[in-house]
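Reproduced below: query-v2.cif, with mmCIF, C-alpha atoms.
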data_work
#
loop_
_atom_site.group_PDB
_atom_site.id
_atom_site.type_symbol
_atom_site.label_atom_id
_atom_site.label_comp_id
_atom_site.auth_asym_id
_atom_site.auth_seq_id
_atom_site.Cartn_x
_atom_site.Cartn_y
_atom_site.Cartn_z
ATOM 1 C CA MET L 775 -81.443 73.248 33.145
ATOM 2 C CA PRO L 776 -83.008 69.978 34.347
ATOM 3 C CA GLU L 777 -84.289 67.969 31.394
ATOM 4 C CA LEU L 778 -86.802 65.126 31.117
ATOM 5 C CA PRO L 779 -84.715 62.496 32.953
ATOM 6 C CA GLU L 780 -84.045 64.775 35.919
ATOM 7 C CA VAL L 781 -87.691 65.790 36.265
ATOM 8 C CA GLU L 782 -88.795 62.160 35.941
ATOM 9 C CA VAL L 783 -86.331 61.075 38.640
ATOM 10 C CA ILE L 784 -87.683 63.792 40.948
ATOM 11 C CA ARG L 785 -91.266 62.786 40.159
ATOM 12 C CA ARG L 786 -90.632 59.146 41.018
ATOM 13 C CA GLY L 787 -88.828 60.029 44.229
ATOM 14 C CA LEU L 788 -91.545 62.398 45.424
ATOM 15 C CA ALA L 789 -94.392 60.100 44.419
ATOM 16 C CA LYS L 790 -93.111 57.351 46.722
ATOM 17 C CA LYS L 791 -93.386 59.639 49.760
ATOM 18 C CA LEU L 792 -95.937 62.345 48.975
ATOM 19 C CA VAL L 793 -98.963 60.587 47.491
ATOM 20 C CA GLY L 794 -101.614 60.408 50.195
ATOM 21 C CA ASP L 795 -99.822 62.941 52.379
ATOM 22 C CA LYS L 796 -101.676 66.053 53.556
ATOM 23 C CA ILE L 797 -100.339 69.610 53.472
ATOM 24 C CA ILE L 798 -100.856 71.181 56.889
ATOM 25 C CA ALA L 799 -98.982 74.492 56.492
ATOM 26 C CA VAL L 800 -97.412 76.668 53.800
ATOM 27 C CA ASP L 801 -94.444 79.029 54.125
ATOM 28 C CA LEU L 802 -93.483 81.506 51.407
ATOM 29 C CA GLY L 803 -90.121 83.132 50.729
ATOM 30 C CA ARG L 804 -89.638 86.866 50.447
ATOM 31 C CA GLN L 805 -88.578 86.905 46.778
ATOM 32 C CA ARG L 806 -90.786 85.776 43.931
ATOM 33 C CA LEU L 807 -89.928 83.499 41.031
ATOM 34 C CA ARG L 808 -90.115 84.475 37.376
ATOM 35 C CA ARG L 809 -93.640 83.045 37.335
ATOM 36 C CA GLN L 810 -95.362 82.305 40.612
ATOM 37 C CA ALA L 811 -98.940 81.941 41.797
ATOM 38 C CA LEU L 812 -100.380 84.556 44.128
ATOM 39 C CA ASP L 813 -99.437 84.166 47.771
ATOM 40 C CA SER L 814 -103.109 83.668 48.648
ATOM 41 C CA GLU L 815 -103.368 80.842 46.091
ATOM 42 C CA LEU L 816 -100.335 79.037 47.465
ATOM 43 C CA ALA L 817 -101.525 79.539 51.049
ATOM 44 C CA SER L 818 -104.758 77.781 50.071
ATOM 45 C CA LEU L 819 -102.812 74.543 49.556
ATOM 46 C CA ALA L 820 -103.011 73.905 53.307
ATOM 47 C CA GLY L 821 -105.558 71.201 54.013
ATOM 48 C CA HIS L 822 -105.186 69.473 50.655
ATOM 49 C CA THR L 823 -103.742 66.009 49.991
ATOM 50 C CA PHE L 824 -101.423 64.926 47.183
ATOM 51 C CA SER L 825 -103.334 62.448 45.008
ATOM 52 C CA ARG L 826 -100.758 61.769 42.276
ATOM 53 C CA LEU L 827 -97.703 63.228 40.565
ATOM 54 C CA THR L 828 -97.233 63.306 36.812
ATOM 55 C CA ARG L 829 -94.765 64.799 34.365
ATOM 56 C CA ARG L 830 -95.209 66.464 30.979
ATOM 57 C CA GLY L 831 -91.921 67.203 29.242
ATOM 58 C CA LYS L 832 -89.904 69.248 31.756
ATOM 59 C CA TYR L 833 -92.987 70.189 33.810
ATOM 60 C CA LEU L 834 -93.842 68.436 37.078
ATOM 61 C CA LEU L 835 -97.536 68.290 37.947
ATOM 62 C CA LEU L 836 -98.622 67.750 41.556
ATOM 63 C CA HIS L 837 -102.305 66.816 41.577
ATOM 64 C CA LEU L 838 -104.362 67.488 44.699
ATOM 65 C CA ASP L 839 -107.378 65.724 46.139
ATOM 66 C CA GLN L 840 -109.985 68.258 45.009
ATOM 67 C CA GLY L 841 -108.719 68.488 41.448
ATOM 68 C CA GLN L 842 -106.258 71.373 41.685
ATOM 69 C CA THR L 843 -102.913 71.089 39.887
ATOM 70 C CA LEU L 844 -99.665 72.599 41.130
ATOM 71 C CA LEU L 845 -97.381 73.046 38.118
ATOM 72 C CA VAL L 846 -93.628 73.286 38.747
ATOM 73 C CA HIS L 847 -90.861 74.089 36.275
ATOM 74 C CA LEU L 848 -87.341 74.093 37.686
ATOM 75 C CA GLY L 849 -85.940 76.701 35.310
ATOM 76 C CA MET L 850 -82.142 76.709 35.377
ATOM 77 C CA THR L 851 -81.301 76.208 39.060
ATOM 78 C CA GLY L 852 -84.540 75.064 40.692
ATOM 79 C CA ARG L 853 -84.618 72.150 43.126
ATOM 80 C CA LEU L 854 -87.450 70.249 44.785
ATOM 81 C CA LEU L 855 -86.183 68.813 48.053
ATOM 82 C CA LEU L 856 -87.996 66.566 50.482
ATOM 83 C CA GLN L 857 -86.786 66.888 54.066
ATOM 84 C CA THR L 858 -88.033 66.229 57.569
ATOM 85 C CA ASN L 859 -89.214 69.119 59.693
ATOM 86 C CA SER L 860 -86.135 68.749 61.920
ATOM 87 C CA CYS L 861 -83.770 69.700 59.057
ATOM 88 C CA PRO L 862 -82.611 73.339 58.940
ATOM 89 C CA LEU L 863 -83.951 75.387 56.057
ATOM 90 C CA PRO L 864 -81.346 75.924 53.294
ATOM 91 C CA PRO L 865 -80.976 79.338 51.600
ATOM 92 C CA HIS L 866 -82.993 80.536 48.584
ATOM 93 C CA VAL L 867 -86.148 78.587 49.464
ATOM 94 C CA HIS L 868 -89.255 80.182 47.930
ATOM 95 C CA LEU L 869 -91.939 77.702 48.997
ATOM 96 C CA THR L 870 -92.197 75.200 51.834
ATOM 97 C CA LEU L 871 -95.084 72.737 52.114
ATOM 98 C CA HIS L 872 -95.266 71.133 55.559
ATOM 99 C CA CYS L 873 -96.915 67.725 55.432
ATOM 100 C CA GLN L 874 -98.769 65.654 57.990
ATOM 101 C CA SER L 875 -96.175 62.866 57.718
ATOM 102 C CA GLY L 876 -93.458 65.164 59.058
ATOM 103 C CA HIS L 877 -91.952 65.786 55.639
ATOM 104 C CA LYS L 878 -91.558 69.234 54.149
ATOM 105 C CA LEU L 879 -91.356 69.855 50.418
ATOM 106 C CA LEU L 880 -89.041 72.750 49.535
ATOM 107 C CA TYR L 881 -88.695 74.662 46.294
ATOM 108 C CA GLN L 882 -85.187 76.142 46.201
ATOM 109 C CA ASP L 883 -83.990 78.343 43.338
ATOM 110 C CA VAL L 884 -80.891 80.563 43.416
ATOM 111 C CA ARG L 885 -81.571 82.359 40.125
ATOM 112 C CA ARG L 886 -85.390 82.379 40.453
ATOM 113 C CA PHE L 887 -86.079 81.450 36.821
ATOM 114 C CA GLY L 888 -88.459 78.651 37.810
ATOM 115 C CA GLN L 889 -92.242 78.523 37.875
ATOM 116 C CA ILE L 890 -94.807 77.519 40.507
ATOM 117 C CA LEU L 891 -98.394 77.953 39.326
ATOM 118 C CA LEU L 892 -101.685 76.662 40.700
ATOM 119 C CA TYR L 893 -104.633 75.744 38.488
ATOM 120 C CA PRO L 894 -108.231 75.035 39.581
ATOM 121 C CA PRO L 895 -110.061 71.759 38.866
ATOM 122 C CA GLY L 896 -110.694 71.224 35.162
ATOM 123 C CA LYS L 897 -108.230 73.932 34.073
ATOM 124 C CA ARG L 898 -105.429 72.632 31.845
ATOM 125 C CA PRO L 899 -102.193 74.604 32.323
ATOM 126 C CA PRO L 900 -101.727 76.710 29.151
ATOM 127 C CA ALA L 901 -97.989 75.959 29.059
ATOM 128 C CA LEU L 902 -98.762 72.310 28.333
ATOM 129 C CA GLU L 903 -100.482 73.235 25.081
ATOM 130 C CA GLN L 904 -97.046 73.971 23.624
ATOM 131 C CA VAL L 905 -95.492 70.673 24.730
ATOM 132 C CA GLY L 906 -94.920 68.101 22.002
ATOM 133 C CA TRP L 907 -94.876 64.317 21.973
ATOM 134 C CA GLU L 908 -93.533 62.475 24.983
ATOM 135 C CA PRO L 909 -90.431 60.626 23.710
ATOM 136 C CA PHE L 910 -91.792 57.265 24.860
ATOM 137 C CA SER L 911 -95.241 57.750 23.348
ATOM 138 C CA ARG L 912 -96.340 55.143 20.807
ATOM 139 C CA GLY L 913 -97.776 57.972 18.748
ATOM 140 C CA LEU L 914 -94.301 59.331 18.106
ATOM 141 C CA THR L 915 -93.117 57.339 15.104
ATOM 142 C CA PRO L 916 -90.359 57.629 12.482
ATOM 143 C CA GLU L 917 -93.088 58.033 9.868
ATOM 144 C CA TRP L 918 -94.561 61.027 11.718
ATOM 145 C CA LEU L 919 -91.128 62.608 12.063
ATOM 146 C CA ARG L 920 -90.277 62.078 8.393
ATOM 147 C CA GLN L 921 -93.571 63.545 7.218
ATOM 148 C CA LYS L 922 -93.528 66.494 9.643
ATOM 149 C CA MET L 923 -89.937 67.470 8.891
ATOM 150 C CA ALA L 924 -89.921 66.765 5.135
ATOM 151 C CA ARG L 925 -89.873 70.405 4.002
ATOM 152 C CA LEU L 926 -87.832 71.932 6.828
ATOM 153 C CA THR L 927 -84.194 72.997 6.623
ATOM 154 C CA ARG L 928 -83.463 73.596 10.302
ATOM 155 C CA PRO L 929 -80.564 71.617 11.825
ATOM 156 C CA VAL L 930 -81.530 68.440 13.639
ATOM 157 C CA LYS L 931 -79.846 69.615 16.862
ATOM 158 C CA ASN L 932 -82.094 72.698 16.965
ATOM 159 C CA PHE L 933 -85.107 70.516 16.221
ATOM 160 C CA LEU L 934 -84.374 68.253 19.184
ATOM 161 C CA LEU L 935 -84.250 71.282 21.480
ATOM 162 C CA ASP L 936 -87.680 72.460 20.289
ATOM 163 C CA GLY L 937 -90.089 71.004 22.837
ATOM 164 C CA ARG L 938 -93.058 71.707 20.592
ATOM 165 C CA PHE L 939 -92.199 68.556 18.636
ATOM 166 C CA ILE L 940 -90.601 66.181 21.152
ATOM 167 C CA ALA L 941 -90.867 67.090 24.822
ATOM 168 C CA GLY L 942 -88.118 67.256 27.406
ATOM 169 C CA ILE L 943 -84.889 66.975 25.398
ATOM 170 C CA GLY L 944 -82.359 69.646 26.335
ATOM 171 C CA ASN L 945 -78.801 70.391 25.349
ATOM 172 C CA ILE L 946 -77.110 67.483 27.116
ATOM 173 C CA TYR L 947 -79.338 64.737 25.773
ATOM 174 C CA ALA L 948 -79.541 66.236 22.275
ATOM 175 C CA SER L 949 -75.756 65.966 21.886
ATOM 176 C CA GLU L 950 -75.640 62.479 23.384
ATOM 177 C CA THR L 951 -78.556 61.273 21.246
ATOM 178 C CA LEU L 952 -77.022 62.510 18.000
ATOM 179 C CA PHE L 953 -73.747 60.803 18.841
ATOM 180 C CA GLU L 954 -75.573 57.583 19.681
ATOM 181 C CA ALA L 955 -77.369 57.752 16.322
ATOM 182 C CA ARG L 956 -74.218 58.863 14.439
ATOM 183 C CA VAL L 957 -76.011 61.929 13.052
ATOM 184 C CA HIS L 958 -74.206 65.258 12.582
ATOM 185 C CA PRO L 959 -75.939 68.043 14.588
ATOM 186 C CA GLN L 960 -76.074 70.373 11.566
ATOM 187 C CA THR L 961 -77.920 67.882 9.356
ATOM 188 C CA PRO L 962 -81.079 69.523 7.952
ATOM 189 C CA VAL L 963 -84.112 67.623 9.213
ATOM 190 C CA GLY L 964 -85.672 67.638 5.761
ATOM 191 C CA ARG L 965 -82.790 65.494 4.478
ATOM 192 C CA ILE L 966 -83.145 62.774 7.101
ATOM 193 C CA ASP L 967 -84.582 59.602 5.600
ATOM 194 C CA LEU L 968 -86.958 57.179 7.279
ATOM 195 C CA LYS L 969 -84.233 54.725 8.292
ATOM 196 C CA THR L 970 -82.235 57.473 10.001
ATOM 197 C CA TRP L 971 -85.346 58.714 11.825
ATOM 198 C CA GLU L 972 -85.828 55.151 13.090
ATOM 199 C CA THR L 973 -82.243 55.121 14.351
ATOM 200 C CA LEU L 974 -82.571 58.564 15.895
ATOM 201 C CA LEU L 975 -85.812 57.752 17.701
ATOM 202 C CA ARG L 976 -84.319 54.569 19.147
ATOM 203 C CA ALA L 977 -81.304 56.593 20.292
ATOM 204 C CA ILE L 978 -83.510 59.215 21.981
ATOM 205 C CA ARG L 979 -85.301 56.531 23.960
ATOM 206 C CA ARG L 980 -82.142 54.627 24.886
ATOM 207 C CA ILE L 981 -80.318 57.723 26.117
ATOM 208 C CA LEU L 982 -83.280 58.966 28.162
ATOM 209 C CA ARG L 983 -83.851 55.548 29.746
ATOM 210 C CA ARG L 984 -80.186 55.245 30.691
ATOM 211 C CA ALA L 985 -80.214 58.730 32.182
ATOM 212 C CA ILE L 986 -83.339 58.035 34.243
ATOM 213 C CA LYS L 987 -81.842 54.769 35.502
ATOM 214 C CA ALA L 988 -78.670 56.652 36.516
ATOM 215 C CA GLY L 989 -80.648 59.278 38.422
ATOM 216 C CA GLY L 990 -80.183 62.034 35.833
ATOM 217 C CA THR L 991 -77.147 64.148 34.994
ATOM 218 C CA THR L 992 -75.477 66.546 37.408
ATOM 219 C CA ILE L 993 -73.227 69.130 35.786
ATOM 220 C CA VAL L 994 -73.559 71.943 38.349
ATOM 221 C CA ASN L 995 -76.873 72.343 40.185
ATOM 222 C CA TYR L 996 -79.134 69.322 39.772
ATOM 223 C CA VAL L 997 -79.911 66.982 42.658
ATOM 224 C CA ASP L 998 -82.883 64.682 43.177
ATOM 225 C CA CYS L 999 -85.493 65.181 45.907
ATOM 226 C CA ASP L 1000 -83.175 63.553 48.458
ATOM 227 C CA GLY L 1001 -80.268 65.826 47.546
ATOM 228 C CA GLN L 1002 -78.377 63.159 45.586
ATOM 229 C CA SER L 1003 -76.478 63.988 42.384
ATOM 230 C CA GLY L 1004 -77.286 62.235 39.111
ATOM 231 C CA LEU L 1005 -74.704 59.716 37.943
ATOM 232 C CA PHE L 1006 -75.300 59.814 34.189
ATOM 233 C CA SER L 1007 -72.606 62.488 33.986
ATOM 234 C CA VAL L 1008 -69.967 59.733 34.117
ATOM 235 C CA GLN L 1009 -71.566 58.093 31.067
ATOM 236 C CA LEU L 1010 -71.498 61.196 28.850
ATOM 237 C CA LYS L 1011 -69.613 60.426 25.643
ATOM 238 C CA VAL L 1012 -69.471 63.833 23.942
ATOM 239 C CA TYR L 1013 -71.215 66.528 25.993
ATOM 240 C CA GLY L 1014 -68.676 68.796 27.687
ATOM 241 C CA ARG L 1015 -65.755 66.768 26.302
ATOM 242 C CA ALA L 1016 -64.414 69.124 23.611
ATOM 243 C CA GLY L 1017 -60.858 68.124 22.695
ATOM 244 C CA SER L 1018 -61.089 64.745 24.416
ATOM 245 C CA PRO L 1019 -60.799 61.594 22.274
ATOM 246 C CA CYS L 1020 -63.995 60.084 20.921
ATOM 247 C CA PRO L 1021 -64.720 56.865 22.874
ATOM 248 C CA VAL L 1022 -65.262 55.049 19.556
ATOM 249 C CA CYS L 1023 -62.597 56.321 17.110
ATOM 250 C CA GLN L 1024 -60.296 58.582 19.202
ATOM 251 C CA THR L 1025 -60.954 61.671 17.041
ATOM 252 C CA PRO L 1026 -60.980 64.788 19.272
ATOM 253 C CA ILE L 1027 -64.527 65.827 20.149
ATOM 254 C CA THR L 1028 -65.578 69.062 18.432
ATOM 255 C CA ARG L 1029 -67.519 71.907 20.024
ATOM 256 C CA LEU L 1030 -69.559 74.408 18.054
ATOM 257 C CA VAL L 1031 -72.306 76.868 18.976
ATOM 258 C CA MET L 1032 -75.779 76.344 17.531
ATOM 259 C CA ALA L 1033 -78.733 78.534 18.447
ATOM 260 C CA GLY L 1034 -76.624 79.991 21.240
ATOM 261 C CA ARG L 1035 -75.928 76.591 22.814
ATOM 262 C CA SER L 1036 -72.743 74.553 22.931
ATOM 263 C CA THR L 1037 -72.924 71.441 20.774
ATOM 264 C CA PHE L 1038 -70.518 68.506 21.012
ATOM 265 C CA PHE L 1039 -69.942 65.803 18.406
ATOM 266 C CA CYS L 1040 -67.372 63.564 16.713
ATOM 267 C CA SER L 1041 -66.608 64.680 13.165
ATOM 268 C CA THR L 1042 -65.623 61.124 12.188
ATOM 269 C CA CYS L 1043 -68.500 59.172 13.738
ATOM 270 C CA GLN L 1044 -71.013 61.862 12.809
ATOM 271 C CA PRO L 1045 -70.159 62.899 9.244
ATOM 272 C CA ILE L 1046 -71.745 66.051 7.885
ATOM 273 C CA ASN L 1047 -74.701 65.645 5.519
ATOM 274 C CA LEU L 1048 -75.717 69.054 4.192
#

Final structure tokens representation of the file:
Amino acid sequence: MPELPEVEVIRRGLAKKLVGDKIIAVDLGRQRLRRQALDSELASLAGHTFSRLTRRGKYLLLHLDQGQTLLVHLGMTGRLLLQTNSCPLPPHVHLTLHCQSGHKLLYQDVRRFGQILLYPPGKRPPALEQVGWEPFSRGLTPEWLRQKMARLTRPVKNFLLDGRFIAGIGNIYASETLFEARVHPQTPVGRIDLKTWETLLRAIRRILRRAIKAGGTTIVNYVDCDGQSGLFSVQLKVYGRAGSPCPVCQTPITRLVMAGRSTFFCSTCQPINL
């Protein structure tokens, strides 16, 4: 599933070419997504202009000139591709926005777990109410994390995956962040002291910035709006590397399953603290 860096890379790429562009026609696919606006609502996009593009966690928000907001979540296999009208249409496209510039914005999704929803002016998408702090927000502090987590026993890896606290961190970046911070994924959050929260928050921000700079991480499906793979995959130190030597101490990387997700860590660099 695309995480914060991938969605941010897509946002930046689309913003360079879409802002100020006018939608002149809308084509809809035959199959619907898990959550999708009514066909009549999406057809009404014709005639509107993209005013700005923003991101909230893993959600991409395309703002239109009269105040409407098109919310997009890529699910597990969703892609937003920007092509010229002369390019042939790839398979599994569920929405095509033809623009005045000659570009067409495609939403492609093999498994159809994504979301495309349209909200009227002044209406805040309900899904955003459940999204926590942006990782780069100044309001997200080690002190807030220490106070909020003080009485909780849940493992820190599961906490990082819970977007109600910190937005946009998925399985890949949770494992990489914990390795960067030298924190064991099973560490109860209530036992993390202020100094470790400071280290962990710095690690979150470093990893996400590196991933954005590298264009995101491609494991299987992700590509940016120009169809290019993300290059952060070559920088991964623990994710997907079970049995390989730790890049720091040469201990074989361990894999375990937490909350139904594969977790990767170094048992030497990330000692257990239960």

_Which residue of L:Pro899, L:Ile978, L:Leu891, L:Asn859 approaches Leu812 (chain L) most closely, using all atoms listed in the file_ = L:Leu891

*CA of Arg1035 (chain L) to CA of Val997 (chain L), straight-line distance in Å*: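 If I compute the distance from CA of Val997 (chain L) to CA of Arg1035 (chain L), I get 22.4 Å.
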
*Top pick for closest residue to Asp795 (chain L), considering L:Ser818, L:Val781, L:Thr828, L:Cys873 and counting all atoms listed in the file*: L:Cys873

*What does the PyMOL selection byres ((chain L and resi 886) around 8) select in this file, as an NGL selection string?*
:L and (806-808 or 849 or 851-852 or 883-885 or 887-888)

Keeping C-alpha atoms, export the residues of the selection given above as a JSON list (two decimals), in the frame of the given file.
[["chain", "number", "residue", "atom", "x", "y", "z"],
["L", 806, "ARG", "CA", -90.79, 85.78, 43.93],
["L", 807, "LEU", "CA", -89.93, 83.50, 41.03],
["L", 808, "ARG", "CA", -90.12, 84.48, 37.38],
["L", 849, "GLY", "CA", -85.94, 76.70, 35.31],
["L", 851, "THR", "CA", -81.30, 76.21, 39.06],
["L", 852, "GLY", "CA", -84.54, 75.06, 40.69],
["L", 883, "ASP", "CA", -83.99, 78.34, 43.34],
["L", 884, "VAL", "CA", -80.89, 80.56, 43.42],
["L", 885, "ARG", "CA", -81.57, 82.36, 40.12],
["L", 887, "PHE", "CA", -86.08, 81.45, 36.82],
["L", 888, "GLY", "CA", -88.46, 78.65, 37.81]]

_Using all atoms listed in the file, can you tell me which of L:Leu935, L:Leu879, L:Ile940, L:Ala988 comes closest to Val1008 (chain L)?_
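Smallest distance to Val1008 (chain L) is found for L:Ala988.
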
Once you count all atoms listed in the file, what closest atom pair and distance in Å to one decimal does each residue of region 805-828 of chain L within 12 Å of region 785-792 of chain L have, with rows by chain and rising residue number, as CSV?
residue,atom,partner,partner_atom,distance
L:His822,CA,L:Leu792,CA,11.8
L:Thr823,CA,L:Leu792,CA,8.7
L:Phe824,CA,L:Leu792,CA,6.3
L:Ser825,CA,L:Leu792,CA,8.4
L:Arg826,CA,L:Ala789,CA,6.9
L:Leu827,CA,L:Ala789,CA,6.0
L:Thr828,CA,L:Arg785,CA,6.9

*For region 1012-1023 of chain L, work out the shell of residues within 9 Å, counting all atoms listed in the file and skipping chain neighbours fewer than 5 positions away, then give it as a list in words.*
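Contacts, with the query itself left out: Asn945, Ile946, Tyr947, Ser949, Glu950, Phe953, Thr1028, Arg1029, Ser1036, Thr1037, Phe1038, Phe1039, Cys1040, Thr1042 and Cys1043 of chain L.
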
Would you save the residues of that selection, restricted to C-alpha atoms, as a PDB file, in the frame of the given file?
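Writing the result to selection-v6.pdb gives the following:
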ATOM      1  CA  ASN L 945     -78.801  70.391  25.349  1.00  0.00           C
ATOM      2  CA  ILE L 946     -77.110  67.483  27.116  1.00  0.00           C
ATOM      3  CA  TYR L 947     -79.338  64.737  25.773  1.00  0.00           C
ATOM      4  CA  SER L 949     -75.756  65.966  21.886  1.00  0.00           C
ATOM      5  CA  GLU L 950     -75.640  62.479  23.384  1.00  0.00           C
ATOM      6  CA  PHE L 953     -73.747  60.803  18.841  1.00  0.00           C
ATOM      7  CA  THR L1028     -65.578  69.062  18.432  1.00  0.00           C
ATOM      8  CA  ARG L1029     -67.519  71.907  20.024  1.00  0.00           C
ATOM      9  CA  SER L1036     -72.743  74.553  22.931  1.00  0.00           C
ATOM     10  CA  THR L1037     -72.924  71.441  20.774  1.00  0.00           C
ATOM     11  CA  PHE L1038     -70.518  68.506  21.012  1.00  0.00           C
ATOM     12  CA  PHE L1039     -69.942  65.803  18.406  1.00  0.00           C
ATOM     13  CA  CYS L1040     -67.372  63.564  16.713  1.00  0.00           C
ATOM     14  CA  THR L1042     -65.623  61.124  12.188  1.00  0.00           C
ATOM     15  CA  CYS L1043     -68.500  59.172  13.738  1.00  0.00           C
TER      16      CYS L1043
END

*Pick the closest to Phe933 (chain L) from L:Leu968, L:Met850, L:Met1032, L:Cys999: which is it, counting all atoms listed in the file?*
L:Met1032

*Can you tell me how far CA of Ile943 (chain L) sits from CA of Pro776 (chain L), in Å to one decimal?*
9.6 Å

*Go through L:Gly803, L:Gly942, L:Pro865, L:Gly906 one by one, measure the shortest atom-to-atom distance of each to Leu834 (chain L) using all atoms listed in the file, and give the residue with the smallest value.*
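Of the candidates, the smallest distance to Leu834 (chain L) is held by L:Gly942.
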
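Minimum atom-to-atom distances from L:Gln805, L:Thr970, L:Thr961, L:Gln904 to Leu1048 (chain L) were compared using all atoms listed in the file, and the lowest value belongs to L:Thr961.
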
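Going from CA of Arg980 (chain L) over to CA of Pro959 (chain L), you cover 18.0 Å.
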
*Fewer than 5 positions away in the same chain doesn't count, so skip those; otherwise give me all residues within 12 Å of Glu815 (chain L), counting all atoms listed in the file, as a ChimeraX atom specification.*
/L:800,802,810,820,842-844,890-894

What does the PyMOL selection byres ((chain L and resi 975) around 9) select in this file, as an mmCIF file with C-alpha atoms, in the coordinates of the input?
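Generated file (part.cif):
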data_model
loop_
_atom_site.group_PDB
_atom_site.id
_atom_site.type_symbol
_atom_site.label_atom_id
_atom_site.label_comp_id
_atom_site.auth_asym_id
_atom_site.auth_seq_id
_atom_site.Cartn_x
_atom_site.Cartn_y
_atom_site.Cartn_z
ATOM 1 C CA PRO L 909 -90.431 60.626 23.710
ATOM 2 C CA LEU L 914 -94.301 59.331 18.106
ATOM 3 C CA THR L 915 -93.117 57.339 15.104
ATOM 4 C CA PRO L 916 -90.359 57.629 12.482
ATOM 5 C CA THR L 951 -78.556 61.273 21.246
ATOM 6 C CA ALA L 955 -77.369 57.752 16.322
ATOM 7 C CA THR L 970 -82.235 57.473 10.001
ATOM 8 C CA TRP L 971 -85.346 58.714 11.825
ATOM 9 C CA GLU L 972 -85.828 55.151 13.090
ATOM 10 C CA THR L 973 -82.243 55.121 14.351
ATOM 11 C CA LEU L 974 -82.571 58.564 15.895
ATOM 12 C CA ARG L 976 -84.319 54.569 19.147
ATOM 13 C CA ALA L 977 -81.304 56.593 20.292
ATOM 14 C CA ILE L 978 -83.510 59.215 21.981
ATOM 15 C CA ARG L 979 -85.301 56.531 23.960
ATOM 16 C CA ARG L 980 -82.142 54.627 24.886
#

Where's the centre, and what are the edge lengths in Å to one decimal, of a box along x, y and z enclosing all listed atoms of region 1008-1016 of chain L padded 3 Å per side, as lines of an AutoDock Vina configuration file?
center_x = -68.0
center_y = 63.6
center_z = 28.9
size_x = 13.2
size_y = 17.0
size_z = 16.5

*Name the residues, using the chain letters and numbers of the file, that sit within 12 Å of (-93.8, 68.7, 61.9) when counting all atoms listed in the file, and give them as a list in words.*
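I get Lys796, Ile797, Ile798, Ala799, Val800, Gln857, Thr858, Asn859, Ser860, Cys861, Leu871, His872, Cys873, Gln874, Ser875, Gly876, His877, Lys878 and Leu879 of chain L for the residues within 12 Å of that point.
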